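Below is the file coords-v3.pdb, which contains PDB, C-alpha atoms.
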```
ATOM      1  CA  MET A   1     102.802  99.778  88.282
ATOM      2  CA  ASN A   2     105.783  97.734  89.305
ATOM      3  CA  LYS A   3     105.557  96.158  92.789
ATOM      4  CA  ALA A   4     102.837  98.674  93.594
ATOM      5  CA  TYR A   5     102.131  97.689  97.212
ATOM      6  CA  ASN A   6     105.844  97.472  98.091
ATOM      7  CA  ARG A   7     106.450 101.035  96.916
ATOM      8  CA  VAL A   8     103.761 102.788  98.977
ATOM      9  CA  GLU A   9     105.545 105.551 100.892
ATOM     10  CA  TRP A  10     103.804 106.021 104.235
ATOM     11  CA  GLY A  11     104.432 109.762 104.351
ATOM     12  CA  PHE A  12     102.858 110.255 100.921
ATOM     13  CA  LEU A  13      99.843 108.163 101.973
ATOM     14  CA  ASP A  14      99.345 110.401 105.009
ATOM     15  CA  ILE A  15      99.640 113.543 102.855
ATOM     16  CA  ILE A  16      97.037 112.194 100.412
ATOM     17  CA  MET A  17      94.633 111.426 103.260
ATOM     18  CA  GLU A  18      95.187 114.924 104.652
ATOM     19  CA  LYS A  19      94.541 116.528 101.232
ATOM     20  CA  MET A  20      91.359 114.456 100.904
ATOM     21  CA  GLY A  21      90.093 115.870 104.211
ATOM     22  CA  PHE A  22      90.525 112.904 106.549
ATOM     23  CA  GLU A  23      90.603 113.981 110.186
ATOM     24  CA  LYS A  24      93.984 113.911 111.935
ATOM     25  CA  LYS A  25      92.779 111.388 114.529
ATOM     26  CA  TRP A  26      91.642 108.997 111.770
ATOM     27  CA  ARG A  27      94.911 109.409 109.851
ATOM     28  CA  LYS A  28      96.969 108.700 112.958
ATOM     29  CA  MET A  29      94.947 105.541 113.634
ATOM     30  CA  VAL A  30      95.362 104.311 110.053
ATOM     31  CA  MET A  31      99.065 105.111 110.039
ATOM     32  CA  ARG A  32      99.487 103.268 113.343
ATOM     33  CA  CYS A  33      98.008 100.174 111.661
ATOM     34  CA  VAL A  34     100.262 100.582 108.620
ATOM     35  CA  LYS A  35     103.416 101.145 110.671
ATOM     36  CA  SER A  36     102.814  98.282 113.119
ATOM     37  CA  ILE A  37     104.728  95.849 110.910
ATOM     38  CA  SER A  38     108.209  94.603 111.736
ATOM     39  CA  TYR A  39     110.440  91.846 110.413
ATOM     40  CA  SER A  40     113.185  89.680 111.785
ATOM     41  CA  VAL A  41     115.617  87.495 109.881
ATOM     42  CA  LEU A  42     117.420  84.312 110.764
ATOM     43  CA  ILE A  43     121.195  84.516 110.555
ATOM     44  CA  ASN A  44     122.875  81.165 111.212
ATOM     45  CA  GLY A  45     119.638  80.052 112.856
ATOM     46  CA  ASP A  46     119.472  83.000 115.257
ATOM     47  CA  PRO A  47     116.652  85.564 114.913
ATOM     48  CA  ASN A  48     117.850  89.131 114.355
ATOM     49  CA  GLY A  49     115.661  92.182 114.353
ATOM     50  CA  PRO A  50     113.301  93.772 114.544
ATOM     51  CA  ILE A  51     113.643  95.458 111.172
ATOM     52  CA  MET A  52     111.246  98.388 110.900
ATOM     53  CA  PRO A  53     110.276  99.222 107.294
ATOM     54  CA  SER A  54     109.368 102.751 106.190
ATOM     55  CA  ARG A  55     107.137 101.899 103.267
ATOM     56  CA  GLY A  56     104.922  99.227 101.765
ATOM     57  CA  LEU A  57     101.540  97.643 102.303
ATOM     58  CA  ILE A  58     100.957  94.007 103.175
ATOM     59  CA  GLN A  59      99.316  92.000 100.403
ATOM     60  CA  GLY A  60      96.455  90.035 101.870
ATOM     61  CA  ASP A  61      95.786  92.608 104.583
ATOM     62  CA  LEU A  62      92.143  93.616 104.301
ATOM     63  CA  LEU A  63      92.979  97.307 104.656
ATOM     64  CA  SER A  64      95.711  97.401 101.982
ATOM     65  CA  PRO A  65      93.525  97.600  98.829
ATOM     66  CA  TYR A  66      91.620 100.563 100.257
ATOM     67  CA  LEU A  67      94.792 102.344 101.297
ATOM     68  CA  PHE A  68      96.248 101.759  97.849
ATOM     69  CA  LEU A  69      93.140 103.313  96.301
ATOM     70  CA  LEU A  70      93.715 106.381  98.454
ATOM     71  CA  TYR A  71      97.368 106.376  97.416
ATOM     72  CA  THR A  72      96.490 106.435  93.725
ATOM     73  CA  GLU A  73      94.311 109.503  94.270
ATOM     74  CA  GLY A  74      97.523 111.464  93.719
ATOM     75  CA  LEU A  75      97.656 110.199  90.139
ATOM     76  CA  VAL A  76      93.912 110.723  89.684
ATOM     77  CA  ALA A  77      94.274 114.342  90.834
ATOM     78  CA  MET A  78      97.166 114.881  88.434
ATOM     79  CA  LEU A  79      95.104 113.468  85.549
ATOM     80  CA  ALA A  80      92.134 115.637  86.496
ATOM     81  CA  GLN A  81      94.355 118.727  86.559
ATOM     82  CA  ALA A  82      95.844 117.816  83.162
ATOM     83  CA  GLU A  83      92.329 117.435  81.768
ATOM     84  CA  GLU A  84      91.255 120.741  83.326
ATOM     85  CA  ASN A  85      94.274 122.425  81.706
ATOM     86  CA  LYS A  86      93.284 120.834  78.355
ATOM     87  CA  LEU A  87      96.515 118.810  78.229
ATOM     88  CA  VAL A  88      94.684 115.468  78.238
ATOM     89  CA  GLU A  89      91.205 114.878  76.885
ATOM     90  CA  GLY A  90      89.278 111.822  78.069
ATOM     91  CA  LEU A  91      86.295 110.241  76.389
ATOM     92  CA  LYS A  92      82.562 110.008  76.873
ATOM     93  CA  ILE A  93      80.685 106.740  76.677
ATOM     94  CA  TYR A  94      77.480 108.614  75.897
ATOM     95  CA  LYS A  95      76.869 112.301  75.165
ATOM     96  CA  SER A  96      75.357 112.990  78.606
ATOM     97  CA  SER A  97      77.844 110.858  80.545
ATOM     98  CA  PRO A  98      80.847 112.301  82.411
ATOM     99  CA  TRP A  99      84.296 112.381  80.832
ATOM    100  CA  ILE A 100      86.503 109.373  81.658
ATOM    101  CA  ASN A 101      90.274 109.562  81.427
ATOM    102  CA  ASN A 102      91.380 106.616  83.557
ATOM    103  CA  LEU A 103      90.611 103.333  85.238
ATOM    104  CA  LEU A 104      93.142 102.453  87.934
ATOM    105  CA  PHE A 105      93.803  99.059  89.457
ATOM    106  CA  ALA A 106      96.697  97.948  91.677
ATOM    107  CA  TYR A 107      98.900  96.691  88.848
ATOM    108  CA  TYR A 108      97.016  97.852  85.768
ATOM    109  CA  ASN A 109      96.110 101.383  84.746
ATOM    110  CA  LEU A 110      94.100 102.336  81.705
ATOM    111  CA  PHE A 111      94.225 105.864  80.315
ATOM    112  CA  PHE A 112      91.697 107.082  77.784
ATOM    113  CA  CYS A 113      92.721 110.083  75.724
ATOM    114  CA  ARG A 114      92.947 111.650  72.303
ATOM    115  CA  ALA A 115      95.639 110.107  70.110
ATOM    116  CA  SER A 116      98.198 112.850  69.526
ATOM    117  CA  MET A 117     101.910 113.313  70.039
ATOM    118  CA  GLN A 118     101.231 116.164  72.488
ATOM    119  CA  THR A 119      98.856 114.064  74.606
ATOM    120  CA  ASN A 120     101.348 111.200  74.595
ATOM    121  CA  ALA A 121     104.094 113.557  75.804
ATOM    122  CA  HIS A 122     101.817 114.947  78.539
ATOM    123  CA  ILE A 123     100.899 111.446  79.760
ATOM    124  CA  HIS A 124     104.574 110.418  79.876
ATOM    125  CA  GLN A 125     105.488 113.606  81.775
ATOM    126  CA  LEU A 126     102.592 113.115  84.178
ATOM    127  CA  LEU A 127     103.674 109.523  84.918
ATOM    128  CA  LYS A 128     107.276 110.644  85.440
ATOM    129  CA  GLU A 129     106.128 113.296  87.927
ATOM    130  CA  TYR A 130     103.911 110.772  89.720
ATOM    131  CA  GLU A 131     106.853 108.375  90.007
ATOM    132  CA  GLN A 132     108.948 111.147  91.573
ATOM    133  CA  VAL A 133     106.413 112.290  94.163
ATOM    134  CA  SER A 134     104.930 108.907  95.085
ATOM    135  CA  SER A 135     107.864 106.460  94.644
ATOM    136  CA  GLN A 136     105.649 104.298  92.446
ATOM    137  CA  LYS A 137     107.326 102.935  89.311
ATOM    138  CA  VAL A 138     105.685 102.396  85.953
ATOM    139  CA  ASN A 139     106.373  98.906  84.646
ATOM    140  CA  ARG A 140     107.509  99.968  81.182
ATOM    141  CA  GLU A 141     107.998  96.365  80.010
ATOM    142  CA  ASN A 142     104.258  95.783  80.372
ATOM    143  CA  THR A 143     103.171  99.171  79.042
ATOM    144  CA  SER A 144     101.499  99.487  75.675
ATOM    145  CA  MET A 145      99.268 101.813  73.716
ATOM    146  CA  VAL A 146      96.156 100.701  71.874
ATOM    147  CA  PHE A 147      94.514 102.887  69.248
ATOM    148  CA  CYS A 148      91.085 102.966  67.667
ATOM    149  CA  THR A 149      90.941 101.819  64.069
ATOM    150  CA  ASN A 150      90.300 105.368  62.803
ATOM    151  CA  VAL A 151      93.557 106.805  64.237
ATOM    152  CA  ASP A 152      96.113 108.082  61.717
ATOM    153  CA  SER A 153      98.698 105.329  61.152
ATOM    154  CA  GLN A 154     101.554 107.846  61.642
ATOM    155  CA  LEU A 155     100.585 108.118  65.326
ATOM    156  CA  LYS A 156     100.641 104.376  65.936
TER     157      LYS A 156
END
```
Same coordinates, now as structure tokens:
Amino acid sequence: MNKAYNRVEWGFLDIIMEKMGFEKKWRKMVMRCVKSISYSVLINGDPNGPIMPSRGLIQGDLLSPYLFLLYTEGLVAMLAQAEENKLVEGLKIYKSSPWINNLLFAYYNLFFCRASMQTNAHIHQLLKEYEQVSSQKVNRENTSMVFCTNVDSQLK
């Protein structure tokens, strides 16, 4: 993701927490913490402000990584739905292990799926939809696909 923390829309974060079943009182308290930030700027040496942002998480704030994890649950839910609808198929590490289709980090996301043109199209569509609803932006310059050695060379 590109500038992942800066692009966290507060309204979307609250919706995700609501969908996950967080109590209203808890959500209000968390959102109060998130929204307590303000900025001021110096213009010709004079402070001007406050400027009240409407999105973003503070890097270095101890709460921010956890809130970002909650934020990415939107993408996780979309991937789970795509897998449920047989649009994306994850992988199993061992025959009795659960299916895995993603590992998400703040700036790096790994997707595990069958190598096919249809799956590739579904993943691209899913990411486009996630960008639209969450305001996150995929960093396409740092995006790549890696294939197993037994994948047909026409798909690579």
Using all atoms listed in the file, what does the table of range 52-92 of chain A residues within 7 Å of range 115-136 of chain A look like, with each row giving the shortest atom pair and its distance in Å to one decimal, sorted by chain and ascending number, as a tab-separated table?
```
residue	atom	partner	partner_atom	distance
A:Leu75	CA	A:Tyr130	CA	6.3
A:Leu87	CA	A:Thr119	CA	6.4
A:Val88	CA	A:Thr119	CA	5.7
```
May I have the residues from that selection written out with C-alpha atoms, as a PDB file, in the frame of the given file?
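New file result10.pdb:
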```pdb
ATOM      1  CA  LEU A  75      97.656 110.199  90.139  1.00  0.00           C
ATOM      2  CA  LEU A  87      96.515 118.810  78.229  1.00  0.00           C
ATOM      3  CA  VAL A  88      94.684 115.468  78.238  1.00  0.00           C
TER       4      VAL A  88
END
```
With the file shown as input, list the residues that the PyMOL selection byres ((chain A and resi 91) around 12) selects, as a list in words.
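What the PyMOL selection byres ((chain A and resi 91) around 12) grabs from the file is Glu83, Val88, Glu89, Gly90, Lys92, Ile93, Tyr94, Lys95, Ser96, Ser97, Pro98, Trp99, Ile100, Asn101, Asn102, Phe111, Phe112, Cys113, Arg114 and Ala115 of chain A.
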Could you list, as a ChimeraX atom specification, every residue within 10 Å of Glu73 in chain A, counting all atoms listed in the file and ignoring same-chain residues fewer than 2 positions away?
/A:13,16-17,19-20,68-71,75-79,104
Pull out every residue that the PyMOL selection byres ((chain A and resi 52) around 8) matches in the shown coordinates and put them as an MDAnalysis selection string.
chainID A and resid 37:39 50:51 53:54
Could you turn the residues from that selection into a file that holds C-alpha atoms, as a PDB file, in the coordinates of the input?
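part.pdb written:
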```pdb
ATOM      1  CA  ILE A  37     104.728  95.849 110.910  1.00  0.00           C
ATOM      2  CA  SER A  38     108.209  94.603 111.736  1.00  0.00           C
ATOM      3  CA  TYR A  39     110.440  91.846 110.413  1.00  0.00           C
ATOM      4  CA  PRO A  50     113.301  93.772 114.544  1.00  0.00           C
ATOM      5  CA  ILE A  51     113.643  95.458 111.172  1.00  0.00           C
ATOM      6  CA  PRO A  53     110.276  99.222 107.294  1.00  0.00           C
ATOM      7  CA  SER A  54     109.368 102.751 106.190  1.00  0.00           C
TER       8      SER A  54
END
```
Please expand the PyMOL selection byres ((chain A and resi 67) around 12) into the concrete residues it hits in this file, giving the result as a short mmCIF file (atom, residue, chain, number, x, y, z; two decimals) with C-alpha atoms, in the frame of the given file.
```cif
data_model
loop_
_atom_site.label_atom_id
_atom_site.label_comp_id
_atom_site.auth_asym_id
_atom_site.auth_seq_id
_atom_site.Cartn_x
_atom_site.Cartn_y
_atom_site.Cartn_z
CA ALA A 4 102.84 98.67 93.59
CA TYR A 5 102.13 97.69 97.21
CA VAL A 8 103.76 102.79 98.98
CA GLU A 9 105.54 105.55 100.89
CA TRP A 10 103.80 106.02 104.24
CA PHE A 12 102.86 110.26 100.92
CA LEU A 13 99.84 108.16 101.97
CA ASP A 14 99.34 110.40 105.01
CA ILE A 16 97.04 112.19 100.41
CA MET A 17 94.63 111.43 103.26
CA ARG A 27 94.91 109.41 109.85
CA VAL A 30 95.36 104.31 110.05
CA MET A 31 99.06 105.11 110.04
CA CYS A 33 98.01 100.17 111.66
CA VAL A 34 100.26 100.58 108.62
CA GLY A 56 104.92 99.23 101.76
CA LEU A 57 101.54 97.64 102.30
CA ILE A 58 100.96 94.01 103.18
CA GLN A 59 99.32 92.00 100.40
CA ASP A 61 95.79 92.61 104.58
CA LEU A 62 92.14 93.62 104.30
CA LEU A 63 92.98 97.31 104.66
CA SER A 64 95.71 97.40 101.98
CA PRO A 65 93.52 97.60 98.83
CA TYR A 66 91.62 100.56 100.26
CA PHE A 68 96.25 101.76 97.85
CA LEU A 69 93.14 103.31 96.30
CA LEU A 70 93.72 106.38 98.45
CA TYR A 71 97.37 106.38 97.42
CA THR A 72 96.49 106.44 93.72
CA GLU A 73 94.31 109.50 94.27
CA ALA A 106 96.70 97.95 91.68
#
```
Using 8 Å of padding on each side, determine the axis-aligned box around all atoms of range 108-118 of chain A present in the file and give its centre and edge lengths in Å to one decimal, as JSON.
```
{"center_x": 96.8, "center_y": 107.0, "center_z": 77.6, "size_x": 26.2, "size_y": 34.3, "size_z": 32.2}
```
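CA of Val138 in chain A is positioned 24.9 Å from CA of Lys35 in chain A.
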Please list as a VMD selection string every residue within 10 Å of Arg140 in chain A, counting all atoms listed in the file and excluding residues in the same chain fewer than 3 positions away.
chain A and resid 1 to 2 137 143 to 144
Do you have the CA of Ala80 in chain A-CA of Leu110 in chain A distance handy?
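A separation of 14.3 Å between them.
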Distance of CA of Tyr108 in chain A from CA of Asn142 in chain A, expressed in Å to one decimal place
9.3 Å
